[in-house]
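So this one's my_file_7.cif, mmCIF, C-alpha atoms and all ligand atoms:
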data_entry
loop_
_atom_site.label_atom_id
_atom_site.label_comp_id
_atom_site.auth_asym_id
_atom_site.auth_seq_id
_atom_site.Cartn_x
_atom_site.Cartn_y
_atom_site.Cartn_z
CA MET A 1 -67.98 16.35 -35.07
CA SER A 2 -64.34 16.35 -36.20
CA LYS A 3 -62.82 13.06 -37.43
CA ASN A 4 -60.11 13.27 -34.79
CA PRO A 5 -61.78 14.09 -31.52
CA PRO A 6 -59.48 16.07 -29.21
CA PHE A 7 -60.26 13.81 -26.25
CA ARG A 8 -62.53 11.06 -24.93
CA ALA A 9 -64.67 11.68 -21.85
CA SER A 10 -66.32 9.06 -19.65
CA ILE A 11 -69.24 10.52 -17.73
CA VAL A 12 -70.56 8.64 -14.71
CA GLY A 13 -74.18 9.50 -13.85
CA GLY A 14 -76.76 9.86 -16.60
CA SER A 15 -79.12 12.37 -15.00
CA VAL A 16 -79.40 15.96 -16.17
CA GLY A 17 -75.95 16.99 -14.85
CA GLY A 18 -74.17 14.15 -16.69
CA LEU A 19 -76.13 14.85 -19.87
CA ALA A 20 -75.26 18.56 -19.69
CA ALA A 21 -71.56 17.66 -19.46
CA ALA A 22 -71.85 15.24 -22.39
CA ILE A 23 -73.57 17.86 -24.55
CA GLU A 24 -71.15 20.66 -23.69
CA LEU A 25 -67.98 18.59 -24.20
CA LYS A 26 -69.25 17.07 -27.43
CA GLN A 27 -70.80 20.15 -28.98
CA GLN A 28 -68.40 22.85 -27.85
CA LEU A 29 -65.12 20.90 -27.86
CA GLY A 30 -65.76 18.01 -30.27
CA ALA A 31 -65.01 15.36 -27.61
CA THR A 32 -66.16 11.77 -27.88
CA VAL A 33 -68.48 11.24 -24.91
CA ALA A 34 -69.87 8.12 -23.23
CA VAL A 35 -72.35 8.26 -20.34
CA TYR A 36 -72.64 5.46 -17.75
CA GLU A 37 -75.78 5.29 -15.62
CA ARG A 38 -76.51 2.96 -12.72
CA SER A 39 -80.30 2.69 -13.29
CA ALA A 40 -81.30 -0.27 -15.40
CA GLY A 41 -84.79 0.79 -16.44
CA ALA A 42 -86.71 4.04 -16.62
CA MET A 43 -84.95 6.84 -14.75
CA GLN A 44 -86.51 8.07 -11.53
CA ALA A 45 -87.15 11.83 -11.57
CA ARG A 46 -85.50 13.26 -8.44
CA GLY A 47 -86.48 16.85 -9.04
CA ALA A 48 -89.95 16.68 -10.57
CA GLY A 49 -90.59 20.33 -11.35
CA VAL A 50 -87.67 22.51 -12.45
CA VAL A 51 -87.76 26.30 -12.41
CA MET A 52 -86.27 27.51 -15.71
CA GLN A 53 -82.96 29.24 -15.03
CA PRO A 54 -80.58 31.02 -17.44
CA GLU A 55 -78.01 28.16 -17.44
CA VAL A 56 -80.67 25.66 -18.54
CA SER A 57 -82.06 28.01 -21.16
CA ALA A 58 -78.52 28.58 -22.52
CA LEU A 59 -77.94 24.86 -22.99
CA LEU A 60 -81.32 24.40 -24.68
CA HIS A 61 -80.42 27.24 -27.03
CA LYS A 62 -77.14 25.50 -27.93
CA ILE A 63 -79.02 22.35 -28.98
CA GLY A 64 -81.62 24.30 -30.95
CA VAL A 65 -84.52 23.94 -28.52
CA GLU A 66 -86.72 26.98 -27.88
CA THR A 67 -87.01 27.36 -24.08
CA ARG A 68 -90.74 28.09 -24.18
CA SER A 69 -91.41 24.86 -26.09
CA VAL A 70 -90.44 22.82 -23.01
CA CYS A 71 -92.07 25.07 -20.40
CA VAL A 72 -95.37 25.99 -18.84
CA GLN A 73 -95.78 29.77 -18.47
CA LEU A 74 -96.88 31.19 -15.11
CA THR A 75 -98.20 34.72 -14.68
CA GLU A 76 -98.48 35.34 -10.94
CA ARG A 77 -97.51 34.28 -7.42
CA VAL A 78 -100.21 33.52 -4.90
CA ALA A 79 -99.48 33.15 -1.18
CA LEU A 80 -102.33 31.21 0.44
CA GLN A 81 -103.52 31.82 4.00
CA ARG A 82 -105.40 29.29 6.09
CA ASP A 83 -107.75 32.05 7.19
CA GLY A 84 -108.07 35.11 5.02
CA GLU A 85 -107.58 36.20 1.46
CA PRO A 86 -104.56 35.01 -0.54
CA GLN A 87 -101.93 37.61 -1.43
CA ARG A 88 -101.21 37.91 -5.16
CA HIS A 89 -98.65 39.63 -7.30
CA ARG A 90 -97.71 39.48 -10.96
CA ALA A 91 -94.62 37.30 -11.55
CA PRO A 92 -94.14 35.76 -15.01
CA GLN A 93 -92.03 32.60 -14.81
CA LEU A 94 -91.29 29.52 -16.92
CA MET A 95 -91.46 26.03 -15.44
CA THR A 96 -90.27 22.75 -16.85
CA ALA A 97 -89.80 19.23 -15.49
CA TRP A 98 -86.87 16.92 -14.90
CA ASP A 99 -88.12 14.30 -17.36
CA THR A 100 -88.84 16.93 -20.04
CA LEU A 101 -85.22 18.09 -19.84
CA TYR A 102 -83.92 14.54 -19.62
CA LYS A 103 -85.72 13.41 -22.78
CA THR A 104 -84.77 16.57 -24.70
CA MET A 105 -81.09 16.09 -23.85
CA ARG A 106 -81.12 12.35 -24.49
CA SER A 107 -82.54 12.90 -27.94
CA TYR A 108 -79.68 15.30 -28.76
CA LEU A 109 -77.25 12.53 -27.71
CA ALA A 110 -79.21 9.77 -29.47
CA HIS A 111 -76.14 8.53 -31.38
CA ASP A 112 -73.71 8.67 -28.47
CA CYS A 113 -73.01 5.95 -25.93
CA TYR A 114 -75.44 5.96 -22.98
CA ARG A 115 -74.92 2.71 -21.10
CA GLN A 116 -77.48 1.88 -18.41
CA ASP A 117 -77.28 -0.78 -15.69
CA SER A 118 -73.69 0.45 -15.19
CA ARG A 119 -72.83 0.88 -11.52
CA LEU A 120 -69.34 2.33 -11.15
CA LEU A 121 -67.07 0.44 -8.75
CA ILE A 122 -63.44 1.32 -9.54
CA ILE A 123 -61.48 4.31 -10.88
CA GLU A 124 -57.82 3.89 -11.90
CA GLN A 125 -55.75 6.79 -13.20
CA SER A 126 -52.44 6.67 -15.04
CA GLY A 127 -50.42 9.65 -16.23
CA SER A 128 -52.21 9.60 -19.58
CA ASP A 129 -55.71 8.21 -19.05
CA VAL A 130 -58.40 7.11 -16.62
CA SER A 131 -60.02 3.67 -16.53
CA ILE A 132 -63.30 2.80 -14.88
CA SER A 133 -64.87 -0.57 -14.04
CA PHE A 134 -68.47 -1.42 -13.36
CA GLU A 135 -70.33 -3.97 -11.28
CA ASP A 136 -71.09 -6.12 -14.36
CA GLY A 137 -67.37 -6.39 -15.18
CA TYR A 138 -67.42 -3.85 -18.03
CA GLN A 139 -64.32 -1.64 -18.22
CA THR A 140 -63.50 1.40 -20.31
CA THR A 141 -60.70 3.95 -20.65
CA ALA A 142 -60.85 7.64 -21.58
CA ASP A 143 -58.72 10.78 -21.35
CA ILE A 144 -60.91 12.33 -18.70
CA LEU A 145 -63.66 11.27 -16.27
CA ILE A 146 -66.58 13.44 -15.21
CA GLY A 147 -68.26 12.31 -11.98
CA ALA A 148 -71.92 13.43 -12.16
CA ASP A 149 -73.29 10.73 -9.90
CA GLY A 150 -75.25 12.82 -7.44
CA VAL A 151 -75.49 13.42 -3.73
CA ASN A 152 -74.21 9.95 -2.70
CA SER A 153 -71.47 10.04 -5.37
CA THR A 154 -69.32 6.93 -5.73
CA CYS A 155 -66.83 8.98 -7.75
CA ARG A 156 -66.43 11.40 -4.83
CA ARG A 157 -65.84 8.54 -2.39
CA LEU A 158 -63.33 6.75 -4.62
CA LEU A 159 -61.43 9.89 -5.58
CA SER A 160 -61.26 11.57 -2.18
CA GLY A 161 -60.82 8.34 -0.23
CA ASP A 162 -63.21 9.95 2.21
CA ASP A 163 -66.76 8.84 2.94
CA VAL A 164 -68.56 12.20 2.94
CA GLU A 165 -72.04 11.34 4.18
CA PRO A 166 -74.77 13.81 3.17
CA ALA A 167 -76.10 15.54 6.31
CA TYR A 168 -79.85 15.42 6.93
CA ALA A 169 -81.18 18.99 7.02
CA GLY A 170 -83.99 18.31 9.52
CA TYR A 171 -86.90 18.34 7.07
CA VAL A 172 -88.33 16.25 4.27
CA ALA A 173 -89.98 17.11 0.96
CA TRP A 174 -93.28 15.33 0.37
CA ARG A 175 -94.06 15.59 -3.31
CA GLY A 176 -96.69 14.90 -5.93
CA LEU A 177 -96.77 15.01 -9.73
CA GLU A 178 -100.22 14.35 -11.15
CA PRO A 179 -101.60 14.62 -14.71
CA GLU A 180 -104.03 17.54 -14.63
CA SER A 181 -106.56 15.37 -16.49
CA GLU A 182 -106.78 13.09 -13.42
CA LEU A 183 -107.52 15.85 -10.90
CA PRO A 184 -110.83 17.66 -10.30
CA PRO A 185 -111.10 20.56 -12.83
CA ALA A 186 -111.84 23.11 -10.08
CA LEU A 187 -108.60 22.17 -8.30
CA VAL A 188 -106.57 22.44 -11.52
CA ASN A 189 -108.14 25.82 -12.31
CA ALA A 190 -107.25 27.12 -8.86
CA LEU A 191 -103.59 26.16 -9.37
CA SER A 192 -103.03 26.86 -13.10
CA GLU A 193 -100.87 29.72 -14.41
CA ARG A 194 -99.61 30.56 -10.94
CA PHE A 195 -96.94 29.71 -8.41
CA THR A 196 -99.03 28.95 -5.33
CA SER A 197 -97.42 28.72 -1.90
CA TYR A 198 -98.25 28.41 1.76
CA ILE A 199 -95.76 29.09 4.55
CA THR A 200 -96.15 28.51 8.24
CA PRO A 201 -93.35 27.89 10.79
CA GLY A 202 -91.76 24.49 10.18
CA MET A 203 -93.65 23.94 6.94
CA GLN A 204 -93.73 25.27 3.41
CA MET A 205 -95.75 24.06 0.44
CA LEU A 206 -95.60 25.20 -3.16
CA CYS A 207 -97.24 24.15 -6.38
CA TYR A 208 -97.02 24.90 -10.09
CA LEU A 209 -97.89 23.16 -13.33
CA VAL A 210 -95.19 21.59 -15.52
CA PRO A 211 -95.24 19.87 -18.94
CA GLY A 212 -96.94 16.48 -19.20
CA GLU A 213 -95.06 13.20 -19.34
CA ASP A 214 -95.15 13.45 -23.16
CA GLY A 215 -93.79 17.01 -22.98
CA GLY A 216 -97.20 18.60 -23.72
CA THR A 217 -97.48 22.14 -22.40
CA GLU A 218 -101.08 22.92 -23.37
CA ARG A 219 -104.07 22.93 -21.07
CA GLY A 220 -105.22 19.33 -20.50
CA ARG A 221 -101.75 17.81 -21.05
CA ARG A 222 -99.79 19.33 -18.19
CA ARG A 223 -99.00 17.92 -14.75
CA VAL A 224 -99.58 19.48 -11.35
CA ASN A 225 -96.28 19.51 -9.46
CA TRP A 226 -96.15 20.17 -5.72
CA VAL A 227 -93.61 20.04 -2.90
CA TRP A 228 -94.42 20.18 0.80
CA TYR A 229 -91.44 20.69 3.14
CA VAL A 230 -92.12 19.49 6.69
CA ASN A 231 -89.78 19.57 9.69
CA THR A 232 -89.26 15.95 10.67
CA PRO A 233 -86.98 14.50 13.37
CA ASP A 234 -84.16 12.29 12.18
CA SER A 235 -85.54 9.48 14.36
CA GLU A 236 -88.67 9.24 12.15
CA LEU A 237 -86.86 8.76 8.84
CA GLU A 238 -86.48 4.99 9.25
CA THR A 239 -90.26 4.57 9.52
CA LEU A 240 -91.12 7.11 6.83
CA MET A 241 -88.66 5.67 4.30
CA THR A 242 -89.71 2.02 4.75
CA SER A 243 -92.37 0.67 2.38
CA ASP A 244 -95.15 -1.77 3.32
CA SER A 245 -93.00 -4.60 1.89
CA GLY A 246 -90.12 -3.66 4.24
CA THR A 247 -87.80 -2.03 1.69
CA ARG A 248 -85.79 0.79 3.31
CA TYR A 249 -85.09 3.69 0.91
CA ARG A 250 -82.15 6.01 1.41
CA SER A 251 -82.48 9.31 -0.49
CA PHE A 252 -85.72 8.94 -2.42
CA LEU A 253 -89.01 7.23 -1.50
CA PRO A 254 -90.64 6.57 -4.90
CA PRO A 255 -94.33 7.03 -5.77
CA GLY A 256 -96.36 4.04 -4.60
CA GLN A 257 -93.84 3.07 -1.89
CA VAL A 258 -95.17 5.21 0.98
CA ALA A 259 -96.39 2.77 3.68
CA SER A 260 -100.17 2.86 4.19
CA ASN A 261 -99.96 3.98 7.83
CA VAL A 262 -97.49 6.74 6.89
CA ASN A 263 -99.78 7.84 4.06
CA LEU A 264 -102.71 8.11 6.49
CA ARG A 265 -100.57 10.14 8.87
CA ILE A 266 -99.49 12.57 6.13
CA GLN A 267 -103.07 12.96 4.88
CA ASP A 268 -104.12 13.80 8.46
CA LEU A 269 -101.31 16.32 8.76
CA ALA A 270 -102.42 17.93 5.48
CA HIS A 271 -105.98 18.16 6.74
CA ASN A 272 -104.90 19.79 10.00
CA ALA A 273 -102.19 22.10 8.72
CA LEU A 274 -102.81 23.19 5.11
CA PRO A 275 -105.27 25.49 3.33
CA THR A 276 -108.14 23.56 1.71
CA VAL A 277 -106.85 23.69 -1.85
CA PHE A 278 -103.55 22.10 -0.78
CA THR A 279 -105.27 19.53 1.46
CA ASP A 280 -107.38 18.47 -1.55
CA LEU A 281 -104.27 18.26 -3.71
CA VAL A 282 -102.38 16.06 -1.23
CA HIS A 283 -105.46 13.81 -0.89
CA ALA A 284 -105.69 13.41 -4.68
CA SER A 285 -101.99 12.60 -5.20
CA THR A 286 -99.71 9.57 -5.08
CA LEU A 287 -97.06 10.78 -2.66
CA PHE A 288 -93.31 10.41 -2.92
CA MET A 289 -90.66 11.87 -0.65
CA GLN A 290 -87.05 13.03 -0.37
CA PRO A 291 -85.26 13.94 2.84
CA VAL A 292 -83.45 17.24 2.26
CA GLN A 293 -79.70 16.63 2.53
CA ASP A 294 -76.63 18.84 2.51
CA VAL A 295 -73.20 18.15 1.03
CA ALA A 296 -70.77 21.03 1.53
CA PRO A 297 -68.73 22.18 -1.51
CA GLN A 298 -66.12 19.52 -2.31
CA LYS A 299 -62.76 19.33 -4.00
CA ARG A 300 -63.59 18.80 -7.69
CA VAL A 301 -60.33 18.21 -9.51
CA TYR A 302 -58.47 14.91 -9.01
CA ARG A 303 -55.98 14.88 -11.88
CA ARG A 304 -58.01 13.42 -14.81
CA ALA A 305 -61.21 13.00 -12.82
CA LEU A 306 -63.57 15.92 -12.10
CA LEU A 307 -66.76 16.24 -10.05
CA ILE A 308 -69.81 18.25 -11.13
CA GLY A 309 -73.43 18.75 -10.00
CA ASP A 310 -74.66 17.35 -6.71
CA ALA A 311 -71.57 15.10 -6.46
CA ALA A 312 -69.56 18.29 -5.84
CA GLY A 313 -71.99 19.79 -3.32
CA THR A 314 -75.69 20.51 -2.88
CA VAL A 315 -77.93 23.52 -2.44
CA ARG A 316 -81.26 23.61 -0.67
CA PRO A 317 -84.17 23.10 -3.09
CA HIS A 318 -85.70 26.53 -2.21
CA THR A 319 -83.09 28.17 -4.41
CA ALA A 320 -84.43 26.20 -7.43
CA SER A 321 -80.80 25.91 -8.57
CA GLY A 322 -79.93 22.21 -8.32
CA THR A 323 -80.19 21.68 -12.05
CA SER A 324 -78.84 25.05 -13.14
CA LYS A 325 -75.70 24.79 -11.01
CA ALA A 326 -74.91 21.40 -12.61
CA PHE A 327 -75.40 22.96 -16.06
CA GLY A 328 -73.18 25.90 -15.05
CA ASP A 329 -70.46 23.46 -13.93
CA ALA A 330 -70.58 21.80 -17.36
CA ALA A 331 -70.65 25.05 -19.35
CA MET A 332 -67.69 26.53 -17.48
CA LEU A 333 -65.73 23.31 -17.81
CA VAL A 334 -65.71 23.94 -21.55
CA GLU A 335 -63.70 27.10 -20.96
CA ALA A 336 -61.20 25.26 -18.75
CA LEU A 337 -60.71 22.47 -21.30
CA SER A 338 -60.79 24.52 -24.49
CA ALA A 339 -57.90 23.73 -26.86
CA TRP A 340 -56.85 20.78 -24.69
CA THR A 341 -56.15 17.47 -26.40
CA GLY A 342 -56.13 14.16 -24.57
CA GLY A 343 -52.46 13.46 -25.27
CA ALA A 344 -51.28 16.73 -23.68
CA ASP A 345 -50.83 17.61 -20.03
CA LEU A 346 -54.05 18.74 -18.40
CA PRO A 347 -54.54 22.51 -18.06
CA THR A 348 -54.22 22.20 -14.28
CA ASP A 349 -54.27 25.96 -13.55
CA ARG A 350 -57.44 26.48 -15.55
CA LEU A 351 -59.11 23.50 -13.89
CA GLU A 352 -58.18 24.81 -10.46
CA ASN A 353 -59.65 28.19 -11.37
CA TRP A 354 -62.79 26.39 -12.54
CA GLU A 355 -63.00 24.59 -9.20
CA ALA A 356 -62.56 27.82 -7.23
CA ALA A 357 -65.13 29.73 -9.29
CA ARG A 358 -67.75 26.98 -9.16
CA ASN A 359 -67.30 26.42 -5.43
CA ALA A 360 -67.56 30.17 -4.76
CA GLU A 361 -70.88 30.23 -6.58
CA LEU A 362 -72.04 27.03 -4.87
CA THR A 363 -71.19 28.50 -1.46
CA ALA A 364 -73.20 31.67 -2.21
CA ILE A 365 -76.27 29.73 -3.42
CA ALA A 366 -76.03 27.30 -0.51
CA ARG A 367 -75.97 30.23 1.94
CA ARG A 368 -79.04 31.76 0.31
CA GLY A 369 -80.80 28.37 0.54
CA LEU A 370 -80.12 28.22 4.28
CA GLN A 371 -81.59 31.71 4.71
CA LEU A 372 -84.70 30.77 2.72
CA ALA A 373 -85.14 27.62 4.82
CA ALA A 374 -84.68 29.56 8.06
CA HIS A 375 -87.29 32.10 6.90
CA SER A 376 -89.87 29.28 6.98
CA GLY A 377 -88.45 27.79 10.19
CA LEU A 378 -87.32 24.74 8.23
CA GLY A 379 -84.59 22.57 9.64
CA LEU A 380 -84.51 24.39 12.97
CA LEU A 381 -85.45 21.46 15.16
C1 LIG B 401 -86.14 17.63 -2.31
C2 LIG B 401 -85.42 18.04 -3.55
C3 LIG B 401 -86.09 18.77 -4.49
C4 LIG B 401 -85.44 19.22 -5.65
N1 LIG B 401 -86.13 19.97 -6.52
C5 LIG B 401 -85.47 20.51 -7.56
C6 LIG B 401 -86.13 21.41 -8.44
O1 LIG B 401 -87.33 21.66 -8.33
N2 LIG B 401 -85.42 21.99 -9.42
C7 LIG B 401 -84.08 21.73 -9.59
O2 LIG B 401 -83.45 22.31 -10.47
N3 LIG B 401 -83.45 20.84 -8.81
C8 LIG B 401 -84.10 20.26 -7.79
N4 LIG B 401 -83.44 19.42 -6.96
C9 LIG B 401 -82.02 19.13 -7.23
C10 LIG B 401 -81.86 18.15 -8.35
O3 LIG B 401 -82.45 16.92 -7.99
C11 LIG B 401 -80.36 17.95 -8.69
O4 LIG B 401 -79.60 19.02 -8.23
C12 LIG B 401 -80.20 17.84 -10.18
O5 LIG B 401 -80.89 16.67 -10.61
C13 LIG B 401 -78.71 17.73 -10.67
O6 LIG B 401 -78.19 16.60 -10.13
P1 LIG B 401 -77.05 15.68 -10.76
O7 LIG B 401 -77.23 15.37 -12.22
O8 LIG B 401 -75.76 16.25 -10.31
O9 LIG B 401 -77.34 14.36 -9.91
P2 LIG B 401 -78.60 13.43 -9.88
O10 LIG B 401 -79.76 14.00 -10.58
O11 LIG B 401 -78.78 12.98 -8.48
O12 LIG B 401 -78.09 12.20 -10.76
C14 LIG B 401 -77.05 11.36 -10.40
C15 LIG B 401 -77.12 10.14 -11.32
O13 LIG B 401 -76.00 9.30 -11.07
C16 LIG B 401 -76.43 7.97 -11.04
N5 LIG B 401 -75.47 7.23 -10.22
C17 LIG B 401 -75.32 7.28 -8.87
N6 LIG B 401 -74.34 6.45 -8.47
C18 LIG B 401 -73.86 5.86 -9.60
C19 LIG B 401 -72.85 4.89 -9.84
N7 LIG B 401 -72.12 4.35 -8.84
N8 LIG B 401 -72.61 4.49 -11.12
C20 LIG B 401 -73.32 5.03 -12.14
N9 LIG B 401 -74.30 5.93 -11.97
C21 LIG B 401 -74.58 6.34 -10.71
C22 LIG B 401 -77.82 8.02 -10.45
O14 LIG B 401 -78.60 6.90 -10.77
C23 LIG B 401 -78.37 9.31 -11.08
O15 LIG B 401 -79.01 9.08 -12.31
C24 LIG B 401 -84.07 18.92 -5.84
C25 LIG B 401 -83.39 18.14 -4.91
C26 LIG B 401 -84.05 17.71 -3.77
C27 LIG B 401 -83.30 16.88 -2.76
#
Starting from the coordinates I provided, produce the structure as structure tokens.
Ligand SMILES: Cc1cc2nc3c(=O)[nH]c(=O)nc-3n(C[C@H](O)[C@H](O)[C@H](O)COP(=O)(O)OP(=O)(O)OC[C@H]3O[C@@H](n4cnc5c(N)ncnc54)[C@H](O)[C@@H]3O)c2cc1C
Amino acid sequence: MSKNPPFRASIVGGSVGGLAAAIELKQQLGATVAVYERSAGAMQARGAGVVMQPEVSALLHKIGVETRSVCVQLTERVALQRDGEPQRHRAPQLMTAWDTLYKTMRSYLAHDCYRQDSRLLIIEQSGSDVSISFEDGYQTTADILIGADGVNSTCRRLLSGDDVEPAYAGYVAWRGLEPESELPPALVNALSERFTSYITPGMQMLCYLVPGEDGGTERGRRRVNWVWYVNTPDSELETLMTSDSGTRYRSFLPPGQVASNVNLRIQDLAHNALPTVFTDLVHASTLFMQPVQDVAPQKRVYRRALLIGDAAGTVRPHTASGTSKAFGDAAMLVEALSAWTGGADLPTDRLENWEAARNAELTAIARRGLQLAAHSGLGLL
């Protein structure tokens, strides 16, 4: 990095979107970056399995990581039927996992500031810089702020002055992520090397293997990742998202927190609604859950503060683009900020073009996600 960095960037939100921004601004523009993350301990993986997309591969390439080294290779797609033979077709695809990407990116930024237990509370902008303050009293100032703090973004609320509540899409994603070594070998064999799915009106389940927690991609070290979308009335969320100890979760019900009576109900539903291989998989897994939520494309540029990733708008998970759109936001931001130095006026026109281009793409992906959901009768309650 140059001795005189062109600008300093504070990045709020230390998930994969925030890390992508930190890497792009540091590596491509020589900026000094500092990432501030609310979580105090180990990060909770929101998207367990991640379909490898070109934007993610491009960033890995920039940091010298071979895409295949962080992926499990699939060869075919298999559509299960409850009665009848599965339909198969050849479809090579690379799959990775949220924590595999997270660790790879963190290690690239090992010598940069990554401050955890940092919940953003206040943003103050002057003509020449932007200051942020956290719950623990810590304050810092930079030339630019990147808000990468997800679907319930505090940055978005503070900057827009508007409380944009994510809208529940009418269905939830039950999920599982199990080490293959802890599942029956016959079950793992049935699911390995393929993208396995089952679709019936109001329900869709899919499964593929991803790298292990230690990043291992070989047989024996991988994890079985599955997602089961189920239409669920809004009125049931309170019960589903409350653990046995009474804790009410908002956007993510972590593994081990599904109440015992809810777990029994979901196991029953699996038994009654899914093909045997998926029923067995649900039975053998520690469930976790996310309600699917929508945030429409948002204004992204607020003088020296910019929104990226889910903070700027979401897409339905069926498009497998949540991570790649955040990486695309970060990569294209480099073009908008190239040759800018912190002391100069911001390149407002280029930032506005960036906002328009990213929101056009977000709108197109979001529309495709709605079509994919409708195809499975998801969200049409
Ligand atoms: C059901 C479901 C399934 C999904 N599956 C996939 C998938 O398979 N593949 C895929 O690519 N994507 C998937 N996604 C999308 C994916 O989770 C996100 O799009 C992706 O993680 C990029 O998000 P992000 O970095 O913008 O935000 P997030 O990953 O949500 O991260 C935001 C970060 O900001 C932090 N934060 C929040 N508030 C504050 C604050 N006030 N101060 C400081 N820090 C704060 C949070 O702790 C968090 O670490 C899925 C999403 C859902 C809902």
Return as number ranges by chain the residues of protein, DNA or RNA that approach ligand LIG 401 (chain B) to within 7 Å, with all atoms listed in the file taken into account.
A: 12-18, 36-39, 43, 46-51, 118-121, 148-154, 173, 290-293, 308-311, 314, 317, 320-324, 326
Hey, could you pull the box centre and edge lengths for region 213-218 of chain A, axis-aligned, 5 Å padding per side, all listed atoms, to one decimal in Å, as JSON?
{"center_x": -97.4, "center_y": 18.1, "center_z": -21.5, "size_x": 17.3, "size_y": 19.7, "size_z": 14.4}
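For the residues A:Leu94, A:Val224, A:Val295, A:Cys71, ranking by smallest atom-to-atom distance to Glu165 (chain A) using only C-alpha atoms places A:Val295 first.
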Closest atom pairs, residues of region 250-273 of chain A within 12 Å of region 167-172 of chain A, only C-alpha atoms, as a tab-separated table:
residue	atom	partner	partner_atom	distance
A:Arg250	CA	A:Tyr168	CA	11.1
A:Ser251	CA	A:Tyr168	CA	10.0
A:Phe252	CA	A:Val172	CA	10.2
A:Leu253	CA	A:Val172	CA	10.7
A:Ile266	CA	A:Val172	CA	11.9
Might you pull out every residue within 8 Å of Glu355 (chain A), with only C-alpha atoms counted and same-chain residues fewer than 6 positions away left off, and present them as a count of residues only?
3
Might you pull out every residue within 8 Å of Leu191 (chain A), with all atoms listed in the file counted and same-chain residues fewer than 5 positions away left off, and present them as an MDAnalysis selection string?
chainID A and resid 196 207:209
Reconstruct N, CA and C atoms of region 332-345 of chain A; output as a PDB file, in the frame of the given file.
ATOM      1  N   MET A 332     -68.969  25.884 -17.796  1.00  0.00           N
ATOM      2  CA  MET A 332     -67.690  26.530 -17.480  1.00  0.00           C
ATOM      3  C   MET A 332     -66.506  25.579 -17.644  1.00  0.00           C
ATOM      4  N   LEU A 333     -66.786  24.296 -17.575  1.00  0.00           N
ATOM      5  CA  LEU A 333     -65.730  23.310 -17.810  1.00  0.00           C
ATOM      6  C   LEU A 333     -65.209  23.413 -19.248  1.00  0.00           C
ATOM      7  N   VAL A 334     -66.101  23.767 -20.150  1.00  0.00           N
ATOM      8  CA  VAL A 334     -65.710  23.940 -21.550  1.00  0.00           C
ATOM      9  C   VAL A 334     -64.585  24.968 -21.661  1.00  0.00           C
ATOM     10  N   GLU A 335     -64.744  26.065 -20.902  1.00  0.00           N
ATOM     11  CA  GLU A 335     -63.700  27.100 -20.960  1.00  0.00           C
ATOM     12  C   GLU A 335     -62.380  26.561 -20.428  1.00  0.00           C
ATOM     13  N   ALA A 336     -62.447  25.783 -19.351  1.00  0.00           N
ATOM     14  CA  ALA A 336     -61.200  25.260 -18.750  1.00  0.00           C
ATOM     15  C   ALA A 336     -60.514  24.256 -19.661  1.00  0.00           C
ATOM     16  N   LEU A 337     -61.303  23.530 -20.470  1.00  0.00           N
ATOM     17  CA  LEU A 337     -60.710  22.470 -21.300  1.00  0.00           C
ATOM     18  C   LEU A 337     -60.531  22.871 -22.754  1.00  0.00           C
ATOM     19  N   SER A 338     -60.856  24.133 -23.077  1.00  0.00           N
ATOM     20  CA  SER A 338     -60.790  24.520 -24.490  1.00  0.00           C
ATOM     21  C   SER A 338     -59.342  24.409 -24.987  1.00  0.00           C
ATOM     22  N   ALA A 339     -59.187  23.915 -26.189  1.00  0.00           N
ATOM     23  CA  ALA A 339     -57.900  23.730 -26.860  1.00  0.00           C
ATOM     24  C   ALA A 339     -57.052  22.613 -26.254  1.00  0.00           C
ATOM     25  N   TRP A 340     -57.589  21.916 -25.270  1.00  0.00           N
ATOM     26  CA  TRP A 340     -56.850  20.780 -24.690  1.00  0.00           C
ATOM     27  C   TRP A 340     -57.046  19.541 -25.560  1.00  0.00           C
ATOM     28  N   THR A 341     -55.990  18.763 -25.734  1.00  0.00           N
ATOM     29  CA  THR A 341     -56.150  17.470 -26.400  1.00  0.00           C
ATOM     30  C   THR A 341     -55.715  16.387 -25.417  1.00  0.00           C
ATOM     31  N   GLY A 342     -56.337  15.232 -25.548  1.00  0.00           N
ATOM     32  CA  GLY A 342     -56.130  14.160 -24.570  1.00  0.00           C
ATOM     33  C   GLY A 342     -54.685  13.769 -24.358  1.00  0.00           C
ATOM     34  N   GLY A 343     -53.858  13.881 -25.398  1.00  0.00           N
ATOM     35  CA  GLY A 343     -52.460  13.460 -25.270  1.00  0.00           C
ATOM     36  C   GLY A 343     -51.615  14.453 -24.479  1.00  0.00           C
ATOM     37  N   ALA A 344     -52.088  15.687 -24.342  1.00  0.00           N
ATOM     38  CA  ALA A 344     -51.280  16.730 -23.680  1.00  0.00           C
ATOM     39  C   ALA A 344     -51.502  16.733 -22.171  1.00  0.00           C
ATOM     40  N   ASP A 345     -50.611  17.457 -21.470  1.00  0.00           N
ATOM     41  CA  ASP A 345     -50.830  17.610 -20.030  1.00  0.00           C
ATOM     42  C   ASP A 345     -52.128  18.367 -19.792  1.00  0.00           C
TER      43      ASP A 345
END
